[in-house]
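**Q** Input my_file_17.pdb, format and content: PDB, C-alpha atoms, pLDDT in the B column.
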```pdb
MODEL        1
ATOM      1  CA  MET B   1     -14.105  -4.575   6.228  1.00 82.00           C
ATOM      2  CA  LYS B   2     -10.643  -3.462   5.171  1.00 92.00           C
ATOM      3  CA  ARG B   3      -8.377  -5.757   3.183  1.00 96.00           C
ATOM      4  CA  LYS B   4      -4.644  -6.251   3.393  1.00 97.00           C
ATOM      5  CA  ALA B   5      -2.483  -5.921   0.304  1.00 98.00           C
ATOM      6  CA  VAL B   6       1.011  -6.460  -1.004  1.00 98.00           C
ATOM      7  CA  PHE B   7       2.141  -3.743  -3.413  1.00 98.00           C
ATOM      8  CA  PHE B   8       4.875  -4.660  -5.886  1.00 98.00           C
ATOM      9  CA  ASP B   9       7.101  -2.431  -7.932  1.00 97.00           C
ATOM     10  CA  ARG B  10       7.181  -3.840 -11.448  1.00 97.00           C
ATOM     11  CA  ASP B  11      10.669  -3.634 -12.962  1.00 95.00           C
ATOM     12  CA  GLY B  12      13.142  -5.215 -10.569  1.00 92.00           C
ATOM     13  CA  VAL B  13      10.491  -7.026  -8.514  1.00 96.00           C
ATOM     14  CA  LEU B  14       7.689  -8.600 -10.592  1.00 97.00           C
ATOM     15  CA  ASN B  15      10.025  -8.887 -13.557  1.00 96.00           C
ATOM     16  CA  TYR B  16      13.746  -8.575 -14.008  1.00 94.00           C
ATOM     17  CA  ALA B  17      15.018  -5.131 -14.911  1.00 92.00           C
ATOM     18  CA  VAL B  18      17.265  -4.886 -17.955  1.00 91.00           C
ATOM     19  CA  LEU B  19      20.856  -3.958 -17.077  1.00 86.00           C
ATOM     20  CA  ARG B  20      22.640  -1.655 -19.556  1.00 85.00           C
ATOM     21  CA  ASN B  21      25.826   0.300 -18.913  1.00 85.00           C
ATOM     22  CA  GLY B  22      25.510  -0.300 -15.174  1.00 78.00           C
ATOM     23  CA  LYS B  23      21.932   1.063 -14.988  1.00 82.00           C
ATOM     24  CA  THR B  24      18.617  -0.725 -14.753  1.00 84.00           C
ATOM     25  CA  PHE B  25      15.777  -0.179 -17.207  1.00 89.00           C
ATOM     26  CA  PRO B  26      12.345  -1.657 -17.873  1.00 94.00           C
ATOM     27  CA  PRO B  27      12.174  -4.305 -20.583  1.00 95.00           C
ATOM     28  CA  PRO B  28      12.114  -2.371 -23.886  1.00 94.00           C
ATOM     29  CA  THR B  29       9.775  -4.908 -25.537  1.00 95.00           C
ATOM     30  CA  LEU B  30       7.433  -7.697 -24.518  1.00 96.00           C
ATOM     31  CA  ASP B  31      10.019 -10.183 -25.835  1.00 97.00           C
ATOM     32  CA  ASP B  32      12.504  -8.842 -23.262  1.00 96.00           C
ATOM     33  CA  LEU B  33      10.161  -9.516 -20.319  1.00 97.00           C
ATOM     34  CA  ARG B  34      11.642 -12.036 -17.852  1.00 97.00           C
ATOM     35  CA  ILE B  35       9.661 -13.082 -14.782  1.00 97.00           C
ATOM     36  CA  PRO B  36      11.576 -14.541 -11.817  1.00 96.00           C
ATOM     37  CA  PRO B  37      11.055 -18.322 -11.646  1.00 97.00           C
ATOM     38  CA  ASP B  38       9.661 -18.138  -8.098  1.00 97.00           C
ATOM     39  CA  ALA B  39       7.212 -15.282  -8.801  1.00 98.00           C
ATOM     40  CA  PHE B  40       4.143 -17.409  -9.485  1.00 98.00           C
ATOM     41  CA  SER B  41       4.510 -19.611  -6.411  1.00 98.00           C
ATOM     42  CA  ALA B  42       5.402 -16.689  -4.131  1.00 98.00           C
ATOM     43  CA  LEU B  43       2.434 -14.597  -5.261  1.00 98.00           C
ATOM     44  CA  THR B  44       0.105 -17.598  -5.163  1.00 98.00           C
ATOM     45  CA  SER B  45       1.041 -18.197  -1.517  1.00 98.00           C
ATOM     46  CA  LEU B  46       0.345 -14.543  -0.676  1.00 98.00           C
ATOM     47  CA  LYS B  47      -2.997 -14.677  -2.481  1.00 97.00           C
ATOM     48  CA  ALA B  48      -3.890 -17.843  -0.532  1.00 97.00           C
ATOM     49  CA  ALA B  49      -3.016 -15.997   2.689  1.00 96.00           C
ATOM     50  CA  GLY B  50      -5.668 -13.410   1.842  1.00 96.00           C
ATOM     51  CA  TYR B  51      -3.608 -10.577   0.372  1.00 98.00           C
ATOM     52  CA  LEU B  52      -4.739  -8.407  -2.505  1.00 98.00           C
ATOM     53  CA  LEU B  53      -1.805  -8.238  -4.961  1.00 98.00           C
ATOM     54  CA  VAL B  54      -1.248  -4.864  -6.634  1.00 98.00           C
ATOM     55  CA  GLY B  55       1.523  -3.733  -8.957  1.00 98.00           C
ATOM     56  CA  ALA B  56       2.542  -0.067  -8.588  1.00 98.00           C
ATOM     57  CA  THR B  57       4.958   1.164 -11.229  1.00 97.00           C
ATOM     58  CA  ASN B  58       6.495   4.381 -12.528  1.00 96.00           C
ATOM     59  CA  GLN B  59       6.844   4.307 -16.320  1.00 96.00           C
ATOM     60  CA  PRO B  60       8.294   7.748 -17.186  1.00 91.00           C
ATOM     61  CA  ASP B  61       9.728   6.527 -20.499  1.00 92.00           C
ATOM     62  CA  VAL B  62       6.225   6.968 -21.940  1.00 93.00           C
ATOM     63  CA  ALA B  63       6.255  10.697 -21.082  1.00 93.00           C
ATOM     64  CA  ARG B  64       9.838  10.911 -22.360  1.00 93.00           C
ATOM     65  CA  GLY B  65       8.795   9.410 -25.691  1.00 90.00           C
ATOM     66  CA  THR B  66      11.260   6.504 -25.503  1.00 91.00           C
ATOM     67  CA  THR B  67       8.716   3.738 -24.826  1.00 93.00           C
ATOM     68  CA  PRO B  68       5.239   3.501 -26.360  1.00 95.00           C
ATOM     69  CA  ARG B  69       2.374   3.231 -23.871  1.00 96.00           C
ATOM     70  CA  GLN B  70       1.244   0.111 -25.758  1.00 97.00           C
ATOM     71  CA  THR B  71       4.515  -1.625 -24.803  1.00 96.00           C
ATOM     72  CA  VAL B  72       3.985  -0.868 -21.106  1.00 96.00           C
ATOM     73  CA  GLU B  73       0.393  -2.087 -21.341  1.00 97.00           C
ATOM     74  CA  ALA B  74       1.431  -5.271 -23.196  1.00 97.00           C
ATOM     75  CA  ILE B  75       4.010  -6.058 -20.501  1.00 98.00           C
ATOM     76  CA  ASN B  76       1.437  -5.391 -17.767  1.00 98.00           C
ATOM     77  CA  LEU B  77      -1.105  -7.608 -19.499  1.00 98.00           C
ATOM     78  CA  LYS B  78       1.439 -10.437 -19.761  1.00 98.00           C
ATOM     79  CA  LEU B  79       2.281 -10.084 -16.051  1.00 98.00           C
ATOM     80  CA  MET B  80      -1.447 -10.180 -15.212  1.00 98.00           C
ATOM     81  CA  GLN B  81      -1.800 -13.350 -17.304  1.00 98.00           C
ATOM     82  CA  GLU B  82       1.233 -15.079 -15.785  1.00 98.00           C
ATOM     83  CA  LEU B  83       0.886 -14.009 -12.140  1.00 98.00           C
ATOM     84  CA  PRO B  84      -2.099 -13.913  -9.748  1.00 98.00           C
ATOM     85  CA  LEU B  85      -2.091 -10.100  -9.597  1.00 98.00           C
ATOM     86  CA  ASP B  86      -5.323  -8.225  -8.937  1.00 98.00           C
ATOM     87  CA  GLU B  87      -4.192  -5.156 -10.855  1.00 98.00           C
ATOM     88  CA  ILE B  88      -1.223  -3.050 -11.921  1.00 98.00           C
ATOM     89  CA  ARG B  89      -1.432   0.708 -11.342  1.00 98.00           C
ATOM     90  CA  VAL B  90       0.816   2.881 -13.514  1.00 98.00           C
ATOM     91  CA  CYS B  91       2.198   6.405 -13.347  1.00 97.00           C
ATOM     92  CA  TYR B  92       3.150   7.547 -16.861  1.00 96.00           C
ATOM     93  CA  HIS B  93       4.470  10.937 -15.707  1.00 95.00           C
ATOM     94  CA  ASP B  94       8.057  12.195 -15.575  1.00 93.00           C
ATOM     95  CA  ASN B  95       9.753  13.909 -12.618  1.00 88.00           C
ATOM     96  CA  GLN B  96       8.949  17.462 -13.707  1.00 90.00           C
ATOM     97  CA  ASP B  97       5.212  16.702 -13.854  1.00 93.00           C
ATOM     98  CA  ASN B  98       5.087  16.808 -10.031  1.00 90.00           C
ATOM     99  CA  CYS B  99       2.152  14.402  -9.933  1.00 95.00           C
ATOM    100  CA  LEU B 100       0.910  12.613  -6.838  1.00 95.00           C
ATOM    101  CA  CYS B 101       1.102   9.162  -8.430  1.00 95.00           C
ATOM    102  CA  ARG B 102       4.844   9.076  -9.217  1.00 95.00           C
ATOM    103  CA  LYS B 103       6.689   7.226  -6.485  1.00 97.00           C
ATOM    104  CA  PRO B 104       7.969   8.296  -3.972  1.00 96.00           C
ATOM    105  CA  GLN B 105       4.593  10.064  -3.843  1.00 97.00           C
ATOM    106  CA  PRO B 106       2.023   7.566  -2.545  1.00 98.00           C
ATOM    107  CA  GLY B 107      -0.772   8.256  -5.040  1.00 97.00           C
ATOM    108  CA  LEU B 108      -0.792   4.810  -6.672  1.00 98.00           C
ATOM    109  CA  LEU B 109      -1.128   3.138  -3.276  1.00 98.00           C
ATOM    110  CA  LEU B 110      -3.756   5.598  -2.054  1.00 98.00           C
ATOM    111  CA  GLU B 111      -5.842   5.102  -5.223  1.00 97.00           C
ATOM    112  CA  ALA B 112      -5.728   1.324  -4.823  1.00 98.00           C
ATOM    113  CA  ALA B 113      -6.579   1.618  -1.120  1.00 98.00           C
ATOM    114  CA  SER B 114      -9.603   3.777  -1.892  1.00 97.00           C
ATOM    115  CA  ILE B 115     -10.922   1.510  -4.660  1.00 97.00           C
ATOM    116  CA  HIS B 116     -10.303  -1.800  -2.877  1.00 97.00           C
ATOM    117  CA  ALA B 117     -10.826  -0.795   0.789  1.00 97.00           C
ATOM    118  CA  ILE B 118      -7.220  -1.619   1.689  1.00 98.00           C
ATOM    119  CA  ASP B 119      -5.916  -1.223   5.225  1.00 97.00           C
ATOM    120  CA  LEU B 120      -2.522   0.303   4.447  1.00 98.00           C
ATOM    121  CA  SER B 121      -1.227  -0.238   7.996  1.00 96.00           C
ATOM    122  CA  ASN B 122      -1.584  -4.009   7.460  1.00 96.00           C
ATOM    123  CA  SER B 123      -0.098  -3.931   3.972  1.00 98.00           C
ATOM    124  CA  ILE B 124       3.406  -4.247   2.517  1.00 98.00           C
ATOM    125  CA  MET B 125       5.286  -2.465  -0.281  1.00 98.00           C
ATOM    126  CA  ILE B 126       8.040  -4.405  -2.070  1.00 98.00           C
ATOM    127  CA  GLY B 127      10.489  -2.416  -4.166  1.00 95.00           C
ATOM    128  CA  ASP B 128      14.033  -2.409  -5.443  1.00 92.00           C
ATOM    129  CA  ARG B 129      14.567   1.341  -5.036  1.00 90.00           C
ATOM    130  CA  ALA B 130      14.319   3.847  -2.222  1.00 91.00           C
ATOM    131  CA  LYS B 131      11.428   5.681  -3.917  1.00 94.00           C
ATOM    132  CA  ASP B 132       9.306   2.503  -3.867  1.00 96.00           C
ATOM    133  CA  LEU B 133       9.845   2.006  -0.164  1.00 96.00           C
ATOM    134  CA  GLU B 134       9.340   5.683   0.609  1.00 96.00           C
ATOM    135  CA  ALA B 135       5.923   5.575  -1.077  1.00 98.00           C
ATOM    136  CA  GLY B 136       4.961   2.605   1.098  1.00 98.00           C
ATOM    137  CA  ALA B 137       6.317   4.142   4.290  1.00 97.00           C
ATOM    138  CA  ARG B 138       4.446   7.402   3.642  1.00 97.00           C
ATOM    139  CA  VAL B 139       1.122   5.566   3.937  1.00 98.00           C
ATOM    140  CA  GLY B 140       2.098   3.312   6.835  1.00 97.00           C
ATOM    141  CA  CYS B 141       2.931   0.106   4.953  1.00 98.00           C
ATOM    142  CA  LYS B 142       5.713  -2.201   6.034  1.00 98.00           C
ATOM    143  CA  THR B 143       8.442  -2.255   3.399  1.00 97.00           C
ATOM    144  CA  ILE B 144      10.642  -4.895   1.813  1.00 97.00           C
ATOM    145  CA  TRP B 145      13.727  -3.981  -0.163  1.00 94.00           C
ATOM    146  CA  MET B 146      14.255  -6.444  -3.011  1.00 93.00           C
ATOM    147  CA  ARG B 147      18.034  -6.576  -3.206  1.00 88.00           C
ATOM    148  CA  TYR B 148      19.729  -8.215  -6.149  1.00 76.00           C
ATOM    149  CA  ASP B 149      23.421  -8.588  -6.993  1.00 66.00           C
ATOM    150  CA  HIS B 150      23.128  -5.794  -9.562  1.00 57.00           C
ATOM    151  CA  THR B 151      21.447  -3.385  -7.115  1.00 57.00           C
ATOM    152  CA  LEU B 152      23.038   0.003  -7.591  1.00 59.00           C
ATOM    153  CA  GLU B 153      21.691   1.928  -4.629  1.00 65.00           C
ATOM    154  CA  GLU B 154      21.791   1.001  -0.977  1.00 69.00           C
ATOM    155  CA  VAL B 155      18.342   1.423   0.529  1.00 74.00           C
ATOM    156  CA  GLN B 156      18.105   2.244   4.207  1.00 79.00           C
ATOM    157  CA  GLY B 157      15.225   1.779   6.617  1.00 84.00           C
ATOM    158  CA  SER B 158      13.258  -1.089   5.106  1.00 92.00           C
ATOM    159  CA  ASP B 159      11.529  -3.496   7.460  1.00 95.00           C
ATOM    160  CA  PHE B 160      13.054  -6.471   5.658  1.00 95.00           C
ATOM    161  CA  ILE B 161      15.607  -7.176   2.932  1.00 93.00           C
ATOM    162  CA  ALA B 162      14.840  -9.997   0.499  1.00 95.00           C
ATOM    163  CA  THR B 163      16.797 -11.465  -2.387  1.00 93.00           C
ATOM    164  CA  SER B 164      13.802 -13.258  -3.944  1.00 96.00           C
ATOM    165  CA  LEU B 165      10.039 -13.047  -4.027  1.00 97.00           C
ATOM    166  CA  SER B 166       9.883 -16.370  -2.187  1.00 98.00           C
ATOM    167  CA  GLU B 167      11.942 -14.942   0.665  1.00 97.00           C
ATOM    168  CA  ALA B 168       9.695 -11.854   0.767  1.00 98.00           C
ATOM    169  CA  ALA B 169       6.545 -14.005   0.793  1.00 98.00           C
ATOM    170  CA  GLN B 170       7.877 -16.129   3.679  1.00 97.00           C
ATOM    171  CA  TRP B 171       8.602 -13.009   5.745  1.00 97.00           C
ATOM    172  CA  ILE B 172       5.131 -11.584   5.024  1.00 97.00           C
ATOM    173  CA  GLN B 173       3.449 -14.832   6.036  1.00 94.00           C
ATOM    174  CA  ALA B 174       5.519 -14.942   9.220  1.00 93.00           C
ATOM    175  CA  LEU B 175       4.128 -11.490  10.079  1.00 86.00           C
ATOM    176  CA  GLN B 176       0.637 -12.968  10.132  1.00 77.00           C
ATOM    177  CA  ASN B 177       1.684 -15.476  12.778  1.00 70.00           C
ATOM    178  CA  ILE B 178       3.067 -12.900  15.191  1.00 57.00           C
TER     179      ILE B 178
ENDMDL
END
```
Could the structure of this file be written out as structure tokens, please?

**A**
Amino acid sequence: MKRKAVFFDRDGVLNYAVLRNGKTFPPPTLDDLRIPPDAFSALTSLKAAGYLLVGATNQPDVARGTTPRQTVEAINLKLMQELPLDEIRVCYHDNQDNCLCRKPQPGLLLEAASIHAIDLSNSIMIGDRAKDLEAGARVGCKTIWMRYDHTLEEVQGSDFIATSLSEAAQWIQALQNI
């Protein structure tokens, strides 16, 4: 039997991105990690509704040599401890690597679907950038654009626009009742 899942981008969705010089970045250290106050309750409600909760994140700063892999793993571990996530899948490659796991390629979602028997057509991808939503759309997921005041790019074509994880969770649960 196939399961349904919610896929979450990490920086800008599961945790706040760091804003510097008008651009968003992942937290540079574990001490800089900030989780939205509604994240635990929103994810707990999705888990209770039967969703598998999977992080899917690009972390190219590891390949670029600007962030140690241990920092990414420490942040992921903290998120796993604080939130009811089932796993976080990571692409450590940079653009020029042309891998299948770097969003907008759907490799992270396809790997999770294969391992956990996920029905992608009944699953949702939540992201703050077009590449997150494109990865979800490529495999048939519904998509939610997480839009914050600092959002730099306008994302077109999402199924829903949310300004908080609670709002996203409410929309997802309403889908179940249709």

**Q** What's the separation between atom CA of B:Asn15 and atom CA of B:Pro37, in Å to one decimal place?

**A** 9.7 Å

**Q** In terms of the shortest atom-to-atom distance over all atoms listed in the file, which of B:Met125, B:Leu33, B:Ala162, B:Ala5 is closest to B:Asn76?

**A**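 For B:Asn76, the nearest of the given residues is B:Leu33.
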
**Q** Quick one: apply the PyMOL selection byres ((chain B and resi 141) around 9) to the file and drop the selected residues here as number ranges by chain.

**A** B: 119-125, 133, 135-140, 142-143

**Q** Let me see the file: selected residues, C-alpha atoms, as a PDB file, in the frame of the given file.

**A**
```pdb
ATOM      1  CA  ASP B 119      -5.916  -1.223   5.225  1.00 97.00           C
ATOM      2  CA  LEU B 120      -2.522   0.303   4.447  1.00 98.00           C
ATOM      3  CA  SER B 121      -1.227  -0.238   7.996  1.00 96.00           C
ATOM      4  CA  ASN B 122      -1.584  -4.009   7.460  1.00 96.00           C
ATOM      5  CA  SER B 123      -0.098  -3.931   3.972  1.00 98.00           C
ATOM      6  CA  ILE B 124       3.406  -4.247   2.517  1.00 98.00           C
ATOM      7  CA  MET B 125       5.286  -2.465  -0.281  1.00 98.00           C
ATOM      8  CA  LEU B 133       9.845   2.006  -0.164  1.00 96.00           C
ATOM      9  CA  ALA B 135       5.923   5.575  -1.077  1.00 98.00           C
ATOM     10  CA  GLY B 136       4.961   2.605   1.098  1.00 98.00           C
ATOM     11  CA  ALA B 137       6.317   4.142   4.290  1.00 97.00           C
ATOM     12  CA  ARG B 138       4.446   7.402   3.642  1.00 97.00           C
ATOM     13  CA  VAL B 139       1.122   5.566   3.937  1.00 98.00           C
ATOM     14  CA  GLY B 140       2.098   3.312   6.835  1.00 97.00           C
ATOM     15  CA  LYS B 142       5.713  -2.201   6.034  1.00 98.00           C
ATOM     16  CA  THR B 143       8.442  -2.255   3.399  1.00 97.00           C
TER      17      THR B 143
END
```

**Q** Check which residues satisfy the PyMOL selection byres ((chain B and resi 31) around 12) in the file shown, then give them as a ChimeraX atom specification.

**A** /B:18,26-30,32-35,71,74-75,78

**Q** Name the residues within 10 Å of (13.5, -3.6, -1.8), counting all atoms listed in the file in the file's coordinates, and put them as number ranges by chain.

**A** B: 8-9, 12-13, 125-133, 143-148, 151, 154-156, 158-164, 168

**Q** In Å, rounded to a single decimal, give me how far atom CA of B:Leu175 is from atom CA of B:Gly50.

**A** 12.9 Å

**Q** Taking the file above as input, evaluate the PyMOL selection byres ((chain B and resi 89) around 6) and report the hits as a ChimeraX atom specification.

**A** /B:55-56,88,90

**Q** Would you compute an axis-aligned box for stretch 114-128 of chain B, covering every atom listed for it in the file with 3 Å of margin on each side, and report centre and edge lengths in Å to one decimal as JSON?

**A**
```
{"center_x": 1.6, "center_y": -0.3, "center_z": 1.3, "size_x": 31.0, "size_y": 14.2, "size_z": 19.4}
```

**Q** Have a look at B:Arg20, B:Gly157, B:Val54, B:Leu165 and name the one nearest to B:Glu87; count all atoms listed in the file.

**A**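 Selected residue with least distance to B:Glu87: B:Val54.
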
**Q** For B:His116, which residue among B:Thr24, B:Tyr16, B:Asp86, B:Ala169 is the nearest when counting only C-alpha atoms?

**A**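 Result for the nearest residue to B:His116: B:Asp86.
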
**Q** Nearest residue to B:Met80 out of B:Trp171, B:Leu53, B:Ile115, B:Leu109, using all atoms listed in the file?

**A** B:Leu53

**Q** For B:Asp11, which residue out of B:Leu79, B:Leu85, B:Ala117, B:Asp38 is the nearest one, using only C-alpha atoms?

**A**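 For B:Asp11, the nearest of the given residues is B:Leu79.
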